[in-house]
file upload-v8.json (JSON, N, CA and C atoms and all ligand atoms)
[["chain", "number", "residue", "atom", "x", "y", "z"],
["A", 1, "MET", "N", 94.86, -119.46, -141.75],
["A", 1, "MET", "CA", 95.91, -119.92, -142.69],
["A", 1, "MET", "C", 95.35, -120.93, -143.68],
["A", 2, "ALA", "N", 94.06, -121.24, -143.49],
["A", 2, "ALA", "CA", 93.46, -122.19, -144.42],
["A", 2, "ALA", "C", 93.39, -121.61, -145.82],
["A", 3, "LYS", "N", 93.23, -120.30, -145.86],
["A", 3, "LYS", "CA", 93.10, -119.64, -147.15],
["A", 3, "LYS", "C", 94.40, -119.77, -147.95],
["A", 4, "ALA", "N", 95.51, -119.54, -147.25],
["A", 4, "ALA", "CA", 96.81, -119.63, -147.92],
["A", 4, "ALA", "C", 97.03, -121.04, -148.45],
["A", 5, "LYS", "N", 96.56, -122.01, -147.69],
["A", 5, "LYS", "CA", 96.71, -123.40, -148.10],
["A", 5, "LYS", "C", 95.91, -123.65, -149.38],
["A", 6, "ASP", "N", 94.69, -123.12, -149.40],
["A", 6, "ASP", "CA", 93.87, -123.25, -150.60],
["A", 6, "ASP", "C", 94.56, -122.64, -151.80],
["A", 7, "SER", "N", 95.10, -121.46, -151.58],
["A", 7, "SER", "CA", 95.76, -120.76, -152.67],
["A", 7, "SER", "C", 96.93, -121.57, -153.21],
["A", 8, "ALA", "N", 97.67, -122.19, -152.31],
["A", 8, "ALA", "CA", 98.80, -123.00, -152.73],
["A", 8, "ALA", "C", 98.31, -124.19, -153.55],
["A", 9, "ALA", "N", 97.20, -124.77, -153.11],
["A", 9, "ALA", "CA", 96.64, -125.90, -153.84],
["A", 9, "ALA", "C", 96.18, -125.46, -155.22],
["A", 10, "MET", "N", 95.58, -124.30, -155.28],
["A", 10, "MET", "CA", 95.12, -123.78, -156.58],
["A", 10, "MET", "C", 96.31, -123.58, -157.50],
["A", 11, "GLN", "N", 97.38, -123.02, -156.94],
["A", 11, "GLN", "CA", 98.55, -122.77, -157.77],
["A", 11, "GLN", "C", 99.12, -124.06, -158.31],
["A", 12, "ARG", "N", 99.13, -125.06, -157.46],
["A", 12, "ARG", "CA", 99.66, -126.35, -157.90],
["A", 12, "ARG", "C", 98.79, -126.90, -159.04],
["A", 13, "MET", "N", 97.49, -126.73, -158.86],
["A", 13, "MET", "CA", 96.55, -127.24, -159.86],
["A", 13, "MET", "C", 96.79, -126.56, -161.20],
["A", 14, "PHE", "N", 96.91, -125.23, -161.15],
["A", 14, "PHE", "CA", 96.99, -124.50, -162.41],
["A", 14, "PHE", "C", 98.39, -124.51, -162.98],
["A", 15, "SER", "N", 99.36, -124.85, -162.17],
["A", 15, "SER", "CA", 100.72, -124.88, -162.70],
["A", 15, "SER", "C", 100.89, -126.05, -163.66],
["A", 16, "ASN", "N", 99.91, -126.95, -163.67],
["A", 16, "ASN", "CA", 99.98, -128.07, -164.60],
["A", 16, "ASN", "C", 99.35, -127.74, -165.95],
["A", 17, "VAL", "N", 98.80, -126.55, -166.04],
["A", 17, "VAL", "CA", 98.14, -126.19, -167.28],
["A", 17, "VAL", "C", 98.98, -125.16, -168.02],
["A", 18, "ARG", "N", 99.24, -125.45, -169.27],
["A", 18, "ARG", "CA", 100.03, -124.53, -170.09],
["A", 18, "ARG", "C", 99.22, -124.13, -171.30],
["A", 19, "VAL", "N", 99.59, -123.01, -171.87],
["A", 19, "VAL", "CA", 98.90, -122.53, -173.05],
["A", 19, "VAL", "C", 99.92, -122.35, -174.16],
["A", 20, "CYS", "N", 99.59, -122.91, -175.31],
["A", 20, "CYS", "CA", 100.48, -122.79, -176.47],
["A", 20, "CYS", "C", 100.50, -121.34, -176.93],
["A", 21, "MET", "N", 101.70, -120.81, -177.17],
["A", 21, "MET", "CA", 101.81, -119.42, -177.58],
["A", 21, "MET", "C", 101.54, -119.26, -179.07],
["A", 22, "LYS", "N", 101.45, -120.36, -179.78],
["A", 22, "LYS", "CA", 101.18, -120.28, -181.22],
["A", 22, "LYS", "C", 99.70, -120.42, -181.51],
["A", 23, "CYS", "N", 99.08, -121.43, -180.94],
["A", 23, "CYS", "CA", 97.68, -121.67, -181.28],
["A", 23, "CYS", "C", 96.77, -121.56, -180.06],
["A", 24, "ASN", "N", 97.33, -121.21, -178.91],
["A", 24, "ASN", "CA", 96.53, -120.97, -177.70],
["A", 24, "ASN", "C", 95.80, -122.21, -177.20],
["A", 25, "ALA", "N", 96.25, -123.36, -177.59],
["A", 25, "ALA", "CA", 95.64, -124.57, -177.06],
["A", 25, "ALA", "C", 96.06, -124.75, -175.61],
["A", 26, "LYS", "N", 95.13, -125.24, -174.81],
["A", 26, "LYS", "CA", 95.49, -125.51, -173.42],
["A", 26, "LYS", "C", 95.99, -126.93, -173.31],
["A", 27, "ILE", "N", 97.11, -127.07, -172.64],
["A", 27, "ILE", "CA", 97.69, -128.39, -172.49],
["A", 27, "ILE", "C", 97.93, -128.67, -171.02],
["A", 28, "ARG", "N", 97.37, -129.75, -170.56],
["A", 28, "ARG", "CA", 97.60, -130.13, -169.18],
["A", 28, "ARG", "C", 98.77, -131.09, -169.13],
["A", 29, "THR", "N", 99.71, -130.83, -168.27],
["A", 29, "THR", "CA", 100.88, -131.69, -168.21],
["A", 29, "THR", "C", 101.41, -131.77, -166.79],
["A", 30, "ASN", "N", 102.01, -132.88, -166.46],
["A", 30, "ASN", "CA", 102.73, -132.93, -165.20],
["A", 30, "ASN", "C", 104.22, -133.10, -165.46],
["A", 31, "LYS", "N", 104.61, -132.88, -166.72],
["A", 31, "LYS", "CA", 106.03, -132.93, -167.06],
["A", 31, "LYS", "C", 106.44, -131.66, -167.78],
["A", 32, "PRO", "N", 106.49, -130.56, -167.08],
["A", 32, "PRO", "CA", 106.88, -129.31, -167.72],
["A", 32, "PRO", "C", 108.31, -129.41, -168.24],
["A", 33, "GLY", "N", 108.53, -128.80, -169.39],
["A", 33, "GLY", "CA", 109.87, -128.89, -169.98],
["A", 33, "GLY", "C", 109.95, -129.99, -171.01],
["A", 34, "LYS", "N", 109.05, -130.96, -170.90],
["A", 34, "LYS", "CA", 109.05, -132.07, -171.85],
["A", 34, "LYS", "C", 107.78, -132.06, -172.67],
["A", 35, "THR", "N", 107.08, -130.93, -172.60],
["A", 35, "THR", "CA", 105.75, -130.90, -173.18],
["A", 35, "THR", "C", 105.73, -130.15, -174.50],
["A", 36, "LYS", "N", 105.03, -130.73, -175.44],
["A", 36, "LYS", "CA", 104.81, -130.06, -176.72],
["A", 36, "LYS", "C", 103.32, -129.84, -176.88],
["A", 37, "CYS", "N", 102.97, -128.84, -177.67],
["A", 37, "CYS", "CA", 101.57, -128.62, -177.97],
["A", 37, "CYS", "C", 101.06, -129.81, -178.77],
["A", 38, "ARG", "N", 99.92, -130.32, -178.37],
["A", 38, "ARG", "CA", 99.41, -131.51, -179.05],
["A", 38, "ARG", "C", 98.71, -131.12, -180.34],
["A", 39, "LYS", "N", 98.49, -129.83, -180.54],
["A", 39, "LYS", "CA", 97.83, -129.40, -181.78],
["A", 39, "LYS", "C", 98.85, -129.07, -182.86],
["A", 40, "CYS", "N", 99.81, -128.19, -182.51],
["A", 40, "CYS", "CA", 100.74, -127.72, -183.53],
["A", 40, "CYS", "C", 102.16, -128.20, -183.28],
["A", 41, "GLY", "N", 102.39, -128.85, -182.15],
["A", 41, "GLY", "CA", 103.72, -129.41, -181.89],
["A", 41, "GLY", "C", 104.72, -128.39, -181.40],
["A", 42, "SER", "N", 104.28, -127.18, -181.15],
["A", 42, "SER", "CA", 105.21, -126.15, -180.69],
["A", 42, "SER", "C", 105.63, -126.40, -179.26],
["A", 43, "LYS", "N", 106.87, -126.00, -178.95],
["A", 43, "LYS", "CA", 107.33, -126.13, -177.58],
["A", 43, "LYS", "C", 107.20, -124.81, -176.84],
["A", 44, "SER", "N", 106.65, -123.81, -177.52],
["A", 44, "SER", "CA", 106.49, -122.51, -176.88],
["A", 44, "SER", "C", 105.21, -122.50, -176.06],
["A", 45, "LEU", "N", 105.34, -122.87, -174.83],
["A", 45, "LEU", "CA", 104.17, -122.90, -173.96],
["A", 45, "LEU", "C", 104.40, -121.97, -172.78],
["A", 46, "ARG", "N", 103.33, -121.37, -172.34],
["A", 46, "ARG", "CA", 103.45, -120.56, -171.14],
["A", 46, "ARG", "C", 102.48, -121.06, -170.10],
["A", 47, "LEU", "N", 102.73, -120.67, -168.86],
["A", 47, "LEU", "CA", 101.85, -121.10, -167.79],
["A", 47, "LEU", "C", 100.53, -120.39, -167.89],
["A", 48, "LYS", "N", 99.48, -121.14, -167.71],
["A", 48, "LYS", "CA", 98.15, -120.54, -167.77],
["A", 48, "LYS", "C", 97.93, -119.61, -166.59],
["A", 49, "SER", "N", 98.50, -119.94, -165.45],
["A", 49, "SER", "CA", 98.23, -119.19, -164.22],
["A", 49, "SER", "C", 98.67, -117.74, -164.35],
["A", 50, "LYS", "N", 99.63, -117.47, -165.24],
["A", 50, "LYS", "CA", 100.13, -116.10, -165.37],
["A", 50, "LYS", "C", 99.08, -115.20, -165.97],
["A", 51, "GLN", "N", 98.13, -115.80, -166.62],
["A", 51, "GLN", "CA", 97.12, -115.03, -167.33],
["A", 51, "GLN", "C", 95.84, -114.92, -166.52],
["A", 52, "MET", "N", 95.80, -115.60, -165.42],
["A", 52, "MET", "CA", 94.54, -115.66, -164.67],
["A", 52, "MET", "C", 94.21, -114.35, -163.99],
["A", 53, "LYS", "N", 92.94, -113.98, -164.07],
["A", 53, "LYS", "CA", 92.47, -112.80, -163.34],
["A", 53, "LYS", "C", 91.56, -113.25, -162.22],
["A", 54, "ALA", "N", 91.41, -112.43, -161.24],
["A", 54, "ALA", "CA", 90.51, -112.76, -160.13],
["A", 54, "ALA", "C", 89.08, -112.82, -160.64],
["A", 55, "GLY", "N", 88.40, -113.88, -160.32],
["A", 55, "GLY", "CA", 87.02, -114.01, -160.74],
["A", 55, "GLY", "C", 86.89, -114.68, -162.08],
["A", 56, "ALA", "N", 87.96, -114.81, -162.80],
["A", 56, "ALA", "CA", 87.88, -115.50, -164.09],
["A", 56, "ALA", "C", 87.81, -117.00, -163.87],
["A", 57, "LYS", "N", 87.28, -117.66, -164.86],
["A", 57, "LYS", "CA", 87.15, -119.11, -164.71],
["A", 57, "LYS", "C", 88.48, -119.79, -164.81],
["B", 1, "ZN", "ZN", 99.92, -125.10, -180.43]]

call {"tool": "encode", "arguments": {"input": "upload-v8.json", "output": "structure tokens", "more": "lines below"}}
Ligand SMILES: [Zn+2]
result
Amino acid sequence: MAKAKDSAAMQRMFSNVRVCMKCNAKIRTNKPGKTKCRKCGSKSLRLKSKQMKAGAK
């Protein structure tokens, strides 16, 4: 069950990273919902984890 624990930790880690849907800037935040892109100011951010593939960085 150690593996599942690792996976949960990874998810928590990556859930703090969002990607701007306008300029694709990566934004790290611990306040989702209150975050704006620091480059273009857009509030259209998506979770980075949704885009992750196995083996990708
Ligand atoms: Zn942006």

call {"tool": "closest_atom_pairs", "arguments": {"input": "upload-v8.json", "of": "chain A", "to": "ligand ZN 1 (chain B)", "cutoff": "7 Å", "atoms": "all atoms listed in the file", "output": "CSV"}}
result
residue,atom,partner,partner_atom,distance
A:Val19,C,B:ZN1,ZN,6.8
A:Cys20,CA,B:ZN1,ZN,4.6
A:Met21,N,B:ZN1,ZN,5.7
A:Lys22,C,B:ZN1,ZN,4.8
A:Cys23,N,B:ZN1,ZN,3.8
A:Asn24,N,B:ZN1,ZN,4.9
A:Ala25,N,B:ZN1,ZN,5.0
A:Lys36,C,B:ZN1,ZN,6.8
A:Cys37,CA,B:ZN1,ZN,4.6
A:Arg38,N,B:ZN1,ZN,5.6
A:Lys39,C,B:ZN1,ZN,4.8
A:Cys40,N,B:ZN1,ZN,3.7
A:Gly41,N,B:ZN1,ZN,4.8
A:Ser42,N,B:ZN1,ZN,4.9

call {"tool": "atom_distance", "arguments": {"input": "upload-v8.json", "atom1": "CA of Arg18 in chain A", "atom2": "CA of Ser49 in chain A"}}
result
8.1 Å

call {"tool": "atom_distance", "arguments": {"input": "upload-v8.json", "atom1": "atom C of Ala9 in chain A", "atom2": "CA of Lys43 in chain A"}}
result
25.0 Å
